[in-house]
Amino acid sequence: MSYLERLNDKQKEAVLCTEGPLLVLAGAGSGKTSMMTCRIAYLIDELGVSPYNILAVTFTNKAAGEMRERVDKILAGLDNPRTSDNLLIATFHSACLRILRVHADLLGYGKDFVVYDTSDQKTVAKGIIKDMNLDIKRYTPQYLLSVIGDCKEKCLDPEGYLRVNGENFRSKVVYEVYKAYENILRKNNAMDFDDLLLNVVRLFEREPEVLGKYQRRFRYIMVDEYQDTNTIQYKFVKYLAEGYGNICVVGDDDQCIYEWRGADIRNILDFEKDFRDAKVIKLEQNYRSCSNILKAAHSVIKKNRGRKDKELWTTREDGDKLVYHLSQDERDEVRYVAEQISKLKNEDSKEGRPLGYSDFAVLYRTNAQSRAFEEGFRLRGIPCKVVGNLGFYDRKEIKDVMCYLRLVQNPKDDVSLERIINEPKRGIGEKTMEKLKALAEVRGESLLETLSDREVTAGLSAKAEAAINELADLINGYHTEIENMTVAEIYDGLLARSGYLPALQAANTVEAESRIENILELRSAIDQFQKEQPAGTLMEFLEGKALASDSDKLPDGNEEEDEKEKVLLMTLHTAKGLEFPVVFMPGMEEGLFPGFRAMDRPEGLEEERRLCYVGITRAKEKLFLTGAKGRTLYGKWTSCSESSFIREIDPILLERDTPVEPKKSVYRDGYAEKPSGSPFRGGSSYAAKSAGSVASGIMSQNRSASAPIALSAGDRVAHAKFGEGTVTEVSPDGKTGVIIFDSEGRKKMALGIAPIKKI
DNA sequence: CTCAACTAGGTTTTT
DNA sequence: CCTAGTTGAG
């Protein structure tokens with residue numbers, strides 16, 4: 001039981017309290033993961049509970065993986081070593097997926113159902129809007145999907161929605177859309193994220209013996225980040241806990257930051273009411289941060305109403321004050337942050353080792369803020385990594401090939417088929433597609449089934465006929481062989497035989513080149529997957545991708561040497577659960593943080609404040625808060641005022657680092673000067689004309705410089721999207737900055753102000 | 001049907 | 001500033 005020795009009294013109490021409902025209020029950095037892993041180990045080791053009878057739910061796959069690792073480590077070190085085999089540690093979504101794979105047929109789904117992500121949902125919604133001839137402005141896909149999501153969250157089917165909202169024109173439209181949406185997903189044998197949870201709850205409600213089976217299995221249940229659970233997740237937990245009643249939830253109401261997504265803070269606030277005789281244990285000793293940081297965090301969060309009363313304390317020293325710095329604009333802000341990093345790098349941290357790049361993190365409110373940092377850091381040679389928002393799986397070519405894969409897995413997936421039917425070009429246009437869809441509808445088949453009928457394809461143009469027959473044979477062939485092939489084999493085969501890769505290779509353009517690169521990158525992801533799970537199926541591969549989250553892509557210490565030493569850039573949301581010696585929180589401006597959308601509703605502001613609290617408590621030793629007098633948003637200059645959160649921090653704990661007068665002539669990054677009181681208008685492209693460029697020269701902008709580059713015919717240039725080319729012409733007005741690329745004597749394109757670099 | 005070119009509208013946060 | 005959606009010429 002040596003693992004218990006490392007815990008403090010409160011933690012130990014939580015570990016030992018295994019029977020009945022337990023709420024652990026675990027403040028930031030209070031060692032809750034240690035507590036949870038020890039608790040699991042204790043159950044197995046001391047109480048002799050089989051791992052099979054334990055369920056632990058976490059917020060991300062990464063957290064799940066880490067927890068399992070730590071449990072394994074403890075179990076392996078015992079006198080009587082055990083393993084965590086059969087222990088289910090997963091996110092709500094993957095746990096539900098696991099359950100549904102077994103029982104999907106009871107709900108009328110095939111076992112090989114696929115999971116639709118948000119962009120698939122959008123595609124479906126758009127199709128419905130079009131079919132129903134709705135005004136897309138009045139009924140945006142986003143609006144409709146959010147209503148549908150809300151309903152699912154509350155377990156309302158379309159009829160239920162109508163009942164609750166009353167019948168009026170608008171609600172009837174939404175009702176019809178919702179119904180159509182459900183039909184399409186069902187027909188495609190697909191579930192969206194919400195369905196994963198909803199369907200399990202339905203399953204529990206409809207099939208008592210299935211519920212009973214899981215209630216008997218999960219004798220001990222633990223839920224992490226309980227403050228961020230929504231109604232349906234609550235139901236899921238509640239149902240399971242009605243078995244043995246040994247339910248332990250861990251969370252911190254001050255860190256509830258997903259209310260906008262349906263998280264219901266009342267779940268944690270009312271836990272004691274929901275579960276009779278619940279015990280409550282508070283973990284308030286913080287092992288992470290210096291005292292000043294904790295005090296500052298508390299001075300902010302105490303402004304919130306209706307929170308559970310608690311305050312973190314530490315035995316650590318006061319540490320440095322927090323630093324607030326006001327910059328001119330976002331570029332200046334990046335410069336400041338970069339300077340601080342360079343200054344602090346190699347200085348000794350409190351842990352007595354020199355600070356490396358990976359000890360710094362920049363945590364911002366919106367993803368859009370990352371670009372300035374990425375570019376500014378690159379310019380100054382600071383290695384960095386943006387977590388999340390990389391959008392690898394959002395890229396067109398990746399989505400395309402994923403759709404091919406999904407189709408092999410689930411041939412009923414019309415949404416995927418529609419996406420790739422003309423990719424590469426097979427001569428199927430909008431009109432033909434309409435006909436085919438209508439036909440499939442009449443026949444009551446999936447699109448692929450219809451297309452597999454030679455009599456149907458015979459009605460197409462000769463070219464289309466051949467191409468579609470080939471496509472149908474390809475997909476059907478792989479589908480039947482799915483058991484006998486590896487993911488890599490399927491992938492390679494699809495790429496080559498669908499003509500997707502050959503088409504890209506034939507295009508022979510720079511953008512096709514980069515697409516091919518991405519496709520190869522996905523190929524190596526498949527190799528990786530196959531290495532980790534030699535018996536892994538296509539289904540498992542697709543699931544892993546569908547359920548992966550941004551934080552799952554965080555470095556885990558297993559990467560190459562040069563990948564490790566990097567400053568991490570991410571949103572405050574993805575930073576939850578992490579810690580860094582030095583943290584920067586840029587964009588401390590009213591309207592950005594707190595965001596303008598949140599400011600009118602008091603609950604909205606409170607959630608922003610919790611987010612701010614989360615950010616502050618990520619820092620172990622140093623915290624820099626920065627803001628700008630103004631920044632370019634939507635390409636327009638907007639001036640900003642100081643964030644109210646800065647005022648909420650106890651002034652005693654905050655040092656205002658007065659900006660040094662910016663160096664006059666040359667920006668540190670070596671771009672052309674920006675004179676004070678400059679007539680430059682947001683970097684408009686013709687500005688350089690007056691700066692005396694070549695007569696015929698027109699300018700474009702370098703994305704990271706507000707100073708334009710003069711261009712003239714003959715210059716070799718590179719464009720972010722279109723690759724390299726030679727300037728042959730220059731726009732006559734010099735205003736739009738039109739450049740005509742000409743590679744191999746062909747007119748390639750003309751474009752406006754776009755990221756162009758001279759090479 | 002397909003591509004190039006133009007245009008209007010849009011920013012939180014994510015399993 | 002960016003992108004997705006639309007339009008018009010082959």
# chains A, B, ... in the order shown; residues from 1 in each chain; ligands from 1
>>> interface_residues(of="chain A", to="chain B", cutoff="10 Å", atoms="only C-alpha atoms (C1' of nucleotides)", output="number ranges by chain")
A: 59-61, 91-94, 193-194, 257-261, 365-368, 425-431, 546-550, 571-574, 592-598, 608, 611, 633-634, 748-751
>>> interface_residues(of="chain C", to="chain A", cutoff="12 Å", atoms="only C-alpha atoms (C1' of nucleotides)", output="list in words")
DC1, DC2 and DG5 of chain C
>>> atom_distance(atom1="atom CA of A:Lys12", atom2="atom CA of A:Lys282")
11.6 Å
>>> residues_around(residues="A:Asp414", least_positions_apart="4", cutoff="12 Å", atoms="only C-alpha atoms (C1' of nucleotides)", output="PyMOL selection string")
chain A and resi 114+116+120+123-124+127+184-190+403-404+406-408+410+418-421+433+436-437+440-441+445-451
>>> select_by_dssp(residues="stretch 195-301 of chain A", states="helix (DSSP H, G or I)", output="PyMOL selection string")
chain A and resi 195-206+208-217+226-228+231-241+253-255+259-261+266-269+271-274+291-301
>>> atom_distance(atom1="atom CA of A:Glu655", atom2="atom CA of A:Val323")
4.8 Å
>>> atom_distance(atom1="atom CA of A:Gly627", atom2="atom C1' of C:DT3")
28.1 Å
>>> select_by_dssp(residues="stretch 547-638 of chain A", states="strand (DSSP E)", output="PyMOL selection string")
chain A and resi 567-571+580-585+619-628+630-633+636-638
>>> write_last_selection(atoms="N, CA and C atoms", output="CSV table (one decimal), in the first residue's frame")
chain,number,residue,atom,x,y,z
A,567,VAL,N,7.6,25.6,-27.7
A,567,VAL,CA,6.6,26.3,-27.0
A,567,VAL,C,5.2,25.9,-27.4
A,568,LEU,N,4.3,25.6,-26.5
A,568,LEU,CA,3.0,25.1,-26.9
A,568,LEU,C,2.0,26.3,-27.1
A,569,LEU,N,1.3,26.3,-28.1
A,569,LEU,CA,0.2,27.3,-28.3
A,569,LEU,C,-1.1,26.6,-28.4
A,570,MET,N,-2.1,27.0,-27.6
A,570,MET,CA,-3.4,26.4,-27.6
A,570,MET,C,-4.4,27.3,-27.0
A,571,THR,N,-5.7,26.9,-27.2
A,571,THR,CA,-6.7,27.6,-26.5
A,571,THR,C,-6.8,27.3,-25.1
A,580,PHE,N,2.2,24.4,-16.7
A,580,PHE,CA,3.5,24.8,-17.3
A,580,PHE,C,4.2,25.8,-16.3
A,581,PRO,N,5.5,25.7,-16.3
A,581,PRO,CA,6.2,26.7,-15.4
A,581,PRO,C,5.9,28.1,-15.8
A,582,VAL,N,5.9,28.5,-17.1
A,582,VAL,CA,5.6,29.8,-17.5
A,582,VAL,C,4.4,29.9,-18.5
A,583,VAL,N,3.4,30.7,-18.1
A,583,VAL,CA,2.2,30.8,-19.0
A,583,VAL,C,2.0,32.2,-19.5
A,584,PHE,N,1.7,32.3,-20.7
A,584,PHE,CA,1.3,33.6,-21.3
A,584,PHE,C,-0.2,33.6,-21.7
A,585,MET,N,-0.9,34.6,-21.3
A,585,MET,CA,-2.3,34.7,-21.7
A,585,MET,C,-2.5,36.0,-22.5
A,619,ALA,N,-0.5,28.0,-14.5
A,619,ALA,CA,0.9,28.5,-14.3
A,619,ALA,C,1.5,28.0,-13.0
A,620,LYS,N,2.7,27.5,-13.1
A,620,LYS,CA,3.4,27.0,-11.9
A,620,LYS,C,4.2,28.2,-11.2
A,621,GLU,N,4.9,28.9,-12.1
A,621,GLU,CA,5.8,29.9,-11.5
A,621,GLU,C,5.6,31.3,-12.0
A,622,LYS,N,5.4,31.4,-13.3
A,622,LYS,CA,5.3,32.8,-13.8
A,622,LYS,C,4.1,32.9,-14.7
A,623,LEU,N,3.4,34.0,-14.6
A,623,LEU,CA,2.2,34.2,-15.5
A,623,LEU,C,2.3,35.6,-16.1
A,624,PHE,N,2.2,35.7,-17.4
A,624,PHE,CA,2.2,36.9,-18.1
A,624,PHE,C,0.8,37.1,-18.8
A,625,LEU,N,0.2,38.3,-18.5
A,625,LEU,CA,-1.0,38.6,-19.1
A,625,LEU,C,-0.8,39.8,-20.1
A,626,THR,N,-1.2,39.6,-21.3
A,626,THR,CA,-0.9,40.7,-22.2
A,626,THR,C,-2.2,41.1,-23.0
A,627,GLY,N,-2.2,42.4,-23.4
A,627,GLY,CA,-3.3,42.9,-24.2
A,627,GLY,C,-2.8,43.9,-25.2
A,628,ALA,N,-3.6,44.3,-26.1
A,628,ALA,CA,-3.1,45.2,-27.1
A,628,ALA,C,-4.1,46.4,-27.2
A,630,GLY,N,-5.0,47.7,-29.8
A,630,GLY,CA,-6.0,47.4,-30.9
A,630,GLY,C,-5.4,46.3,-31.7
A,631,ARG,N,-6.2,45.7,-32.5
A,631,ARG,CA,-5.7,44.6,-33.3
A,631,ARG,C,-6.5,44.5,-34.6
A,632,THR,N,-6.0,43.9,-35.6
A,632,THR,CA,-6.7,43.7,-36.8
A,632,THR,C,-7.6,42.5,-36.7
A,633,LEU,N,-8.9,42.7,-36.8
A,633,LEU,CA,-9.8,41.7,-36.8
A,633,LEU,C,-10.6,41.7,-38.0
A,636,LYS,N,-9.7,44.3,-40.4
A,636,LYS,CA,-9.9,45.7,-40.1
A,636,LYS,C,-9.3,46.1,-38.7
A,637,TRP,N,-8.8,47.3,-38.6
A,637,TRP,CA,-8.2,47.7,-37.4
A,637,TRP,C,-9.3,48.0,-36.4
A,638,THR,N,-9.2,47.4,-35.2
A,638,THR,CA,-10.2,47.7,-34.2
A,638,THR,C,-9.5,48.0,-32.9
>>> residues_around(residues="A:Tyr220", least_positions_apart="3", cutoff="9 Å", atoms="only C-alpha atoms (C1' of nucleotides)", output="ChimeraX atom specification")
/A:18-19,43,49,53-56,217,241,244-248
>>> write_last_selection(atoms="N, CA and C atoms", output="CSV table (one decimal), in the first residue's frame")
chain,number,residue,atom,x,y,z
A,18,THR,N,-14.8,4.0,-0.6
A,18,THR,CA,-15.1,3.3,-1.9
A,18,THR,C,-16.6,3.0,-2.0
A,19,GLU,N,-17.4,2.9,-0.9
A,19,GLU,CA,-18.8,2.5,-1.0
A,19,GLU,C,-19.7,3.7,-1.0
A,43,LEU,N,-8.9,-0.3,-5.1
A,43,LEU,CA,-10.0,-1.2,-5.4
A,43,LEU,C,-9.5,-2.5,-5.8
A,49,VAL,N,-11.2,-6.1,-6.1
A,49,VAL,CA,-12.2,-6.0,-7.2
A,49,VAL,C,-11.6,-6.3,-8.5
A,53,ASN,N,-14.9,-4.9,-13.3
A,53,ASN,CA,-16.1,-4.3,-12.6
A,53,ASN,C,-15.9,-2.8,-12.4
A,54,ILE,N,-14.9,-2.2,-13.0
A,54,ILE,CA,-14.7,-0.8,-12.7
A,54,ILE,C,-14.8,0.0,-14.0
A,55,LEU,N,-15.5,1.1,-13.9
A,55,LEU,CA,-15.6,2.0,-15.1
A,55,LEU,C,-15.1,3.4,-14.7
A,56,ALA,N,-14.2,3.9,-15.4
A,56,ALA,CA,-13.7,5.3,-15.2
A,56,ALA,C,-13.9,6.1,-16.4
A,217,ARG,N,-22.2,-5.2,-14.0
A,217,ARG,CA,-20.8,-5.2,-14.4
A,217,ARG,C,-20.1,-4.1,-13.6
A,241,ALA,N,-25.3,3.9,-12.1
A,241,ALA,CA,-25.1,3.9,-10.6
A,241,ALA,C,-26.2,3.3,-9.8
A,244,TYR,N,-25.1,-0.7,-8.2
A,244,TYR,CA,-24.4,-0.8,-6.9
A,244,TYR,C,-24.4,0.5,-6.1
A,245,GLY,N,-24.5,1.6,-6.8
A,245,GLY,CA,-24.5,2.9,-6.1
A,245,GLY,C,-23.1,3.4,-5.6
A,246,ASN,N,-22.1,2.7,-6.1
A,246,ASN,CA,-20.8,3.1,-5.8
A,246,ASN,C,-20.2,4.1,-6.9
A,247,ILE,N,-20.6,5.3,-6.7
A,247,ILE,CA,-20.3,6.3,-7.7
A,247,ILE,C,-19.5,7.4,-7.1
A,248,CYS,N,-18.3,7.6,-7.8
A,248,CYS,CA,-17.4,8.7,-7.3
A,248,CYS,C,-17.3,9.7,-8.4
>>> residues_around(residues="A:Val250", least_positions_apart="4", cutoff="8 Å", atoms="only C-alpha atoms (C1' of nucleotides)", output="VMD selection string")
chain A and resid 23 to 26 32 222 to 226
>>> closest_residue(among="A:Leu494, A:Val102, A:Leu47, A:Tyr181", to="A:Asp131", atoms="only C-alpha atoms")
A:Tyr181
